[in-house]
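*Asks:* Please see the structure below; I have some questions.
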Amino acid sequence: MTVRIALGVLIAGLVVWWLLPRQQPPAGGGPMAQVTVPDLSGAALAGKTAFDQNCAACHGDNAAGREGLGPPLVHRIYEPNHHADPAFFLAVRNGVRAHHWRFGDMAPVAGVDDEQIETIIAYVRTLQRANGIE
């Protein structure tokens with residue numbers, strides 16, 4: 001009987017632990033990657049403006065990430081054959097459940113239309129190519 005009680009307490013403790021929110025990394029905000037920024041024009045230049053207004057607070061200047069806040073998008077995880085362009089549309093519209101990083105879930109980004117998302121993608125892909133991510 002004592003073993004059953006101990007096992008029950010252990011299982012209950014594991015369930016409570018599993019349901020508790022995960023601790024976030026400490027906020028620091030510094031860049032997580034070094035990003036070479038090429039000359040920008042057209043959609044990529046418009047995308048930088050939209051990115052700076054809607055994404056940089058978490059994903060950092062030039063998509064270099066921000067310690068404790070959001071991952072760098074200039075990273076091999078986000079190369080086109082792993083996270084194709086539609087994944088960016090879904091992330092902005094619906095948010096993303098944390099799966100590659102320990103920053104917590106990404107909330108949807110309100111007020112960003114499809115045209116802006118397209119330019120943000122053009123900007124991020126331009127940065128990625130300039131940094132050897134194809």
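Identifiers in this document derive from the order of the structure tokens: chains are assigned A, B, ..., residues are numbered from 1 separately in each chain, and ligands are numbered from 1 in order of occurrence.
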I'd like to know which residues of segment 61-105 of chain A are helix (DSSP H, G or I) (by DSSP, run on the backbone); could you write them as a ChimeraX atom specification?
*Replies:* /A:61-63,76-78,85-94
*Asks:* Which neighbours of segment 68-72 of chain A fall inside 9 Å, counting only C-alpha atoms, when residues of the same chain fewer than 3 positions from it are skipped, and could you give them as a PDB file with all heavy atoms, in the first residue's frame?
*Replies:*
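Output saved as result.pdb:
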```pdb
ATOM      1  N   GLN A  24      11.156  30.981 -19.014  1.00  0.00           N
ATOM      2  CA  GLN A  24      11.724  31.632 -20.187  1.00  0.00           C
ATOM      3  C   GLN A  24      13.200  31.928 -19.948  1.00  0.00           C
ATOM      4  O   GLN A  24      13.623  32.139 -18.820  1.00  0.00           O
ATOM      5  CB  GLN A  24      10.980  32.940 -20.470  1.00  0.00           C
ATOM      6  CG  GLN A  24       9.519  32.745 -20.777  1.00  0.00           C
ATOM      7  CD  GLN A  24       9.315  31.931 -22.033  1.00  0.00           C
ATOM      8  OE1 GLN A  24       9.943  32.177 -23.032  1.00  0.00           O
ATOM      9  NE2 GLN A  24       8.450  30.936 -21.977  1.00  0.00           N
ATOM     10  N   PRO A  25      13.993  32.006 -21.027  1.00  0.00           N
ATOM     11  CA  PRO A  25      15.384  32.416 -20.871  1.00  0.00           C
ATOM     12  C   PRO A  25      15.442  33.835 -20.304  1.00  0.00           C
ATOM     13  O   PRO A  25      14.510  34.617 -20.510  1.00  0.00           O
ATOM     14  CB  PRO A  25      15.934  32.393 -22.299  1.00  0.00           C
ATOM     15  CG  PRO A  25      14.961  31.614 -23.098  1.00  0.00           C
ATOM     16  CD  PRO A  25      13.646  31.722 -22.395  1.00  0.00           C
ATOM     17  N   PRO A  26      16.489  34.173 -19.602  1.00  0.00           N
ATOM     18  CA  PRO A  26      16.584  35.520 -19.057  1.00  0.00           C
ATOM     19  C   PRO A  26      16.594  36.564 -20.168  1.00  0.00           C
ATOM     20  O   PRO A  26      17.197  36.353 -21.215  1.00  0.00           O
ATOM     21  CB  PRO A  26      17.913  35.512 -18.287  1.00  0.00           C
ATOM     22  CG  PRO A  26      18.683  34.386 -18.882  1.00  0.00           C
ATOM     23  CD  PRO A  26      17.676  33.380 -19.356  1.00  0.00           C
ATOM     24  N   ALA A  27      15.900  37.651 -19.923  1.00  0.00           N
ATOM     25  CA  ALA A  27      15.850  38.720 -20.921  1.00  0.00           C
ATOM     26  C   ALA A  27      17.178  39.455 -20.932  1.00  0.00           C
ATOM     27  O   ALA A  27      17.700  39.825 -19.903  1.00  0.00           O
ATOM     28  CB  ALA A  27      14.706  39.677 -20.607  1.00  0.00           C
ATOM     29  N   GLY A  28      17.725  39.634 -22.069  1.00  0.00           N
ATOM     30  CA  GLY A  28      18.957  40.388 -22.221  1.00  0.00           C
ATOM     31  C   GLY A  28      18.850  41.271 -23.442  1.00  0.00           C
ATOM     32  O   GLY A  28      19.236  42.408 -23.460  1.00  0.00           O
ATOM     33  N   GLY A  29      18.270  40.674 -24.485  1.00  0.00           N
ATOM     34  CA  GLY A  29      17.995  41.443 -25.677  1.00  0.00           C
ATOM     35  C   GLY A  29      19.121  41.567 -26.668  1.00  0.00           C
ATOM     36  O   GLY A  29      18.930  42.105 -27.741  1.00  0.00           O
ATOM     37  N   GLY A  30      20.336  41.084 -26.339  1.00  0.00           N
ATOM     38  CA  GLY A  30      21.445  41.197 -27.271  1.00  0.00           C
ATOM     39  C   GLY A  30      21.268  40.297 -28.482  1.00  0.00           C
ATOM     40  O   GLY A  30      20.531  39.316 -28.441  1.00  0.00           O
ATOM     41  N   PRO A  31      21.928  40.633 -29.600  1.00  0.00           N
ATOM     42  CA  PRO A  31      21.815  39.812 -30.802  1.00  0.00           C
ATOM     43  C   PRO A  31      22.389  38.420 -30.579  1.00  0.00           C
ATOM     44  O   PRO A  31      23.334  38.238 -29.815  1.00  0.00           O
ATOM     45  CB  PRO A  31      22.617  40.581 -31.848  1.00  0.00           C
ATOM     46  CG  PRO A  31      23.485  41.514 -31.097  1.00  0.00           C
ATOM     47  CD  PRO A  31      22.832  41.757 -29.776  1.00  0.00           C
ATOM     48  N   MET A  32      21.802  37.452 -31.262  1.00  0.00           N
ATOM     49  CA  MET A  32      22.232  36.062 -31.132  1.00  0.00           C
ATOM     50  C   MET A  32      23.070  35.606 -32.322  1.00  0.00           C
ATOM     51  O   MET A  32      23.635  34.530 -32.291  1.00  0.00           O
ATOM     52  CB  MET A  32      21.008  35.164 -30.995  1.00  0.00           C
ATOM     53  CG  MET A  32      20.191  35.448 -29.758  1.00  0.00           C
ATOM     54  SD  MET A  32      18.690  34.459 -29.701  1.00  0.00           S
ATOM     55  CE  MET A  32      19.352  32.807 -29.629  1.00  0.00           C
ATOM     56  N   ALA A  33      23.101  36.395 -33.378  1.00  0.00           N
ATOM     57  CA  ALA A  33      23.849  36.030 -34.573  1.00  0.00           C
ATOM     58  C   ALA A  33      24.488  37.276 -35.162  1.00  0.00           C
ATOM     59  O   ALA A  33      23.994  38.386 -34.971  1.00  0.00           O
ATOM     60  CB  ALA A  33      22.915  35.395 -35.603  1.00  0.00           C
ATOM     61  N   ALA A  57      11.293  43.704 -32.529  1.00  0.00           N
ATOM     62  CA  ALA A  57      11.234  43.748 -31.065  1.00  0.00           C
ATOM     63  C   ALA A  57      11.606  42.398 -30.459  1.00  0.00           C
ATOM     64  O   ALA A  57      12.239  42.342 -29.401  1.00  0.00           O
ATOM     65  CB  ALA A  57       9.845  44.171 -30.601  1.00  0.00           C
ATOM     66  N   CYS A  58      11.253  41.324 -31.136  1.00  0.00           N
ATOM     67  CA  CYS A  58      11.594  39.978 -30.651  1.00  0.00           C
ATOM     68  C   CYS A  58      12.729  39.340 -31.452  1.00  0.00           C
ATOM     69  O   CYS A  58      13.622  38.723 -30.884  1.00  0.00           O
ATOM     70  CB  CYS A  58      10.380  39.056 -30.698  1.00  0.00           C
ATOM     71  SG  CYS A  58       9.057  39.558 -29.573  1.00  0.00           S
ATOM     72  N   HIS A  59      12.669  39.477 -32.793  1.00  0.00           N
ATOM     73  CA  HIS A  59      13.645  38.794 -33.648  1.00  0.00           C
ATOM     74  C   HIS A  59      14.898  39.617 -33.910  1.00  0.00           C
ATOM     75  O   HIS A  59      15.792  39.173 -34.626  1.00  0.00           O
ATOM     76  CB  HIS A  59      12.991  38.384 -34.973  1.00  0.00           C
ATOM     77  CG  HIS A  59      11.998  37.279 -34.803  1.00  0.00           C
ATOM     78  ND1 HIS A  59      12.363  35.981 -34.513  1.00  0.00           N
ATOM     79  CD2 HIS A  59      10.647  37.279 -34.858  1.00  0.00           C
ATOM     80  CE1 HIS A  59      11.280  35.234 -34.418  1.00  0.00           C
ATOM     81  NE2 HIS A  59      10.226  35.997 -34.606  1.00  0.00           N
ATOM     82  N   GLY A  60      14.981  40.808 -33.317  1.00  0.00           N
ATOM     83  CA  GLY A  60      16.190  41.605 -33.364  1.00  0.00           C
ATOM     84  C   GLY A  60      16.397  42.380 -34.646  1.00  0.00           C
ATOM     85  O   GLY A  60      15.767  42.123 -35.664  1.00  0.00           O
ATOM     86  N   ASN A  62      17.908  43.306 -38.016  1.00  0.00           N
ATOM     87  CA  ASN A  62      18.410  42.479 -39.114  1.00  0.00           C
ATOM     88  C   ASN A  62      18.176  40.990 -38.882  1.00  0.00           C
ATOM     89  O   ASN A  62      18.944  40.154 -39.343  1.00  0.00           O
ATOM     90  CB  ASN A  62      19.882  42.764 -39.377  1.00  0.00           C
ATOM     91  CG  ASN A  62      20.122  44.225 -39.678  1.00  0.00           C
ATOM     92  OD1 ASN A  62      19.403  44.813 -40.480  1.00  0.00           O
ATOM     93  ND2 ASN A  62      21.083  44.822 -39.014  1.00  0.00           N
ATOM     94  N   ALA A  63      17.124  40.656 -38.150  1.00  0.00           N
ATOM     95  CA  ALA A  63      16.723  39.269 -37.891  1.00  0.00           C
ATOM     96  C   ALA A  63      17.818  38.463 -37.196  1.00  0.00           C
ATOM     97  O   ALA A  63      17.902  37.246 -37.345  1.00  0.00           O
ATOM     98  CB  ALA A  63      16.271  38.582 -39.182  1.00  0.00           C
ATOM     99  N   ALA A  64      18.639  39.139 -36.387  1.00  0.00           N
ATOM    100  CA  ALA A  64      19.748  38.494 -35.683  1.00  0.00           C
ATOM    101  C   ALA A  64      19.315  37.845 -34.370  1.00  0.00           C
ATOM    102  O   ALA A  64      20.140  37.286 -33.656  1.00  0.00           O
ATOM    103  CB  ALA A  64      20.859  39.511 -35.417  1.00  0.00           C
ATOM    104  N   GLY A  65      18.028  37.910 -34.038  1.00  0.00           N
ATOM    105  CA  GLY A  65      17.527  37.359 -32.781  1.00  0.00           C
ATOM    106  C   GLY A  65      17.806  38.300 -31.628  1.00  0.00           C
ATOM    107  O   GLY A  65      18.580  39.252 -31.757  1.00  0.00           O
ATOM    108  N   HIS A  75      19.295  32.029 -39.717  1.00  0.00           N
ATOM    109  CA  HIS A  75      19.773  30.801 -39.073  1.00  0.00           C
ATOM    110  C   HIS A  75      19.371  29.647 -39.969  1.00  0.00           C
ATOM    111  O   HIS A  75      18.309  29.677 -40.608  1.00  0.00           O
ATOM    112  CB  HIS A  75      19.123  30.667 -37.689  1.00  0.00           C
ATOM    113  CG  HIS A  75      19.708  29.589 -36.859  1.00  0.00           C
ATOM    114  ND1 HIS A  75      19.389  28.256 -37.046  1.00  0.00           N
ATOM    115  CD2 HIS A  75      20.595  29.630 -35.838  1.00  0.00           C
ATOM    116  CE1 HIS A  75      20.053  27.532 -36.173  1.00  0.00           C
ATOM    117  NE2 HIS A  75      20.792  28.341 -35.432  1.00  0.00           N
ATOM    118  N   TYR A  78      15.820  28.207 -40.403  1.00  0.00           N
ATOM    119  CA  TYR A  78      14.789  28.889 -41.191  1.00  0.00           C
ATOM    120  C   TYR A  78      15.098  28.917 -42.688  1.00  0.00           C
ATOM    121  O   TYR A  78      14.472  29.666 -43.422  1.00  0.00           O
ATOM    122  CB  TYR A  78      14.572  30.306 -40.647  1.00  0.00           C
ATOM    123  CG  TYR A  78      14.123  30.242 -39.221  1.00  0.00           C
ATOM    124  CD1 TYR A  78      14.999  30.535 -38.177  1.00  0.00           C
ATOM    125  CD2 TYR A  78      12.845  29.815 -38.892  1.00  0.00           C
ATOM    126  CE1 TYR A  78      14.606  30.425 -36.857  1.00  0.00           C
ATOM    127  CE2 TYR A  78      12.438  29.703 -37.574  1.00  0.00           C
ATOM    128  CZ  TYR A  78      13.324  30.009 -36.564  1.00  0.00           C
ATOM    129  OH  TYR A  78      12.943  29.891 -35.252  1.00  0.00           O
ATOM    130  N   TRP A 101      13.226  26.399 -30.302  1.00  0.00           N
ATOM    131  CA  TRP A 101      13.909  27.262 -29.328  1.00  0.00           C
ATOM    132  C   TRP A 101      13.102  27.279 -28.031  1.00  0.00           C
ATOM    133  O   TRP A 101      11.961  26.908 -27.996  1.00  0.00           O
ATOM    134  CB  TRP A 101      14.011  28.690 -29.867  1.00  0.00           C
ATOM    135  CG  TRP A 101      14.634  28.816 -31.213  1.00  0.00           C
ATOM    136  CD1 TRP A 101      13.988  28.734 -32.423  1.00  0.00           C
ATOM    137  CD2 TRP A 101      15.999  29.032 -31.524  1.00  0.00           C
ATOM    138  NE1 TRP A 101      14.875  28.907 -33.435  1.00  0.00           N
ATOM    139  CE2 TRP A 101      16.117  29.096 -32.931  1.00  0.00           C
ATOM    140  CE3 TRP A 101      17.147  29.204 -30.739  1.00  0.00           C
ATOM    141  CZ2 TRP A 101      17.329  29.313 -33.565  1.00  0.00           C
ATOM    142  CZ3 TRP A 101      18.350  29.426 -31.386  1.00  0.00           C
ATOM    143  CH2 TRP A 101      18.440  29.473 -32.777  1.00  0.00           C
ATOM    144  N   ARG A 102      13.693  27.802 -26.986  1.00  0.00           N
ATOM    145  CA  ARG A 102      13.034  27.897 -25.680  1.00  0.00           C
ATOM    146  C   ARG A 102      12.641  29.335 -25.355  1.00  0.00           C
ATOM    147  O   ARG A 102      12.959  29.841 -24.300  1.00  0.00           O
ATOM    148  CB  ARG A 102      13.943  27.339 -24.596  1.00  0.00           C
ATOM    149  CG  ARG A 102      14.183  25.870 -24.723  1.00  0.00           C
ATOM    150  CD  ARG A 102      15.031  25.381 -23.551  1.00  0.00           C
ATOM    151  NE  ARG A 102      15.086  23.955 -23.555  1.00  0.00           N
ATOM    152  CZ  ARG A 102      14.349  23.177 -22.781  1.00  0.00           C
ATOM    153  NH1 ARG A 102      13.504  23.710 -21.931  1.00  0.00           N
ATOM    154  NH2 ARG A 102      14.460  21.872 -22.842  1.00  0.00           N
ATOM    155  N   PHE A 103      11.956  29.969 -26.277  1.00  0.00           N
ATOM    156  CA  PHE A 103      11.497  31.336 -26.049  1.00  0.00           C
ATOM    157  C   PHE A 103      10.020  31.379 -25.698  1.00  0.00           C
ATOM    158  O   PHE A 103       9.474  32.433 -25.467  1.00  0.00           O
ATOM    159  CB  PHE A 103      11.726  32.199 -27.301  1.00  0.00           C
ATOM    160  CG  PHE A 103      13.179  32.422 -27.606  1.00  0.00           C
ATOM    161  CD1 PHE A 103      13.800  31.702 -28.602  1.00  0.00           C
ATOM    162  CD2 PHE A 103      13.913  33.339 -26.880  1.00  0.00           C
ATOM    163  CE1 PHE A 103      15.137  31.900 -28.888  1.00  0.00           C
ATOM    164  CE2 PHE A 103      15.248  33.543 -27.155  1.00  0.00           C
ATOM    165  CZ  PHE A 103      15.859  32.816 -28.159  1.00  0.00           C
ATOM    166  N   GLY A 104       9.370  30.261 -25.728  1.00  0.00           N
ATOM    167  CA  GLY A 104       7.927  30.227 -25.551  1.00  0.00           C
ATOM    168  C   GLY A 104       7.249  30.366 -26.905  1.00  0.00           C
ATOM    169  O   GLY A 104       7.900  30.513 -27.941  1.00  0.00           O
ATOM    170  N   MET A 106       5.107  31.880 -30.008  1.00  0.00           N
ATOM    171  CA  MET A 106       4.993  33.179 -30.674  1.00  0.00           C
ATOM    172  C   MET A 106       3.515  33.463 -30.888  1.00  0.00           C
ATOM    173  O   MET A 106       2.786  32.636 -31.430  1.00  0.00           O
ATOM    174  CB  MET A 106       5.705  33.140 -32.025  1.00  0.00           C
ATOM    175  CG  MET A 106       5.571  34.414 -32.829  1.00  0.00           C
ATOM    176  SD  MET A 106       6.365  34.266 -34.437  1.00  0.00           S
ATOM    177  CE  MET A 106       5.367  35.408 -35.386  1.00  0.00           C
TER     178      MET A 106
END
```
*Asks:* Skip Ala44 of chain A itself and residues of its chain fewer than 4 positions away, then list as a list in words all residues within 10 Å of it, counting only C-alpha atoms.
*Replies:* Asp39, Leu40, Lys48, Thr49, Ala50, Phe51, Glu118, Thr119, Ile120, Ile121, Ala122, Tyr123, Val124, Arg125, Thr126 and Leu127 of chain A
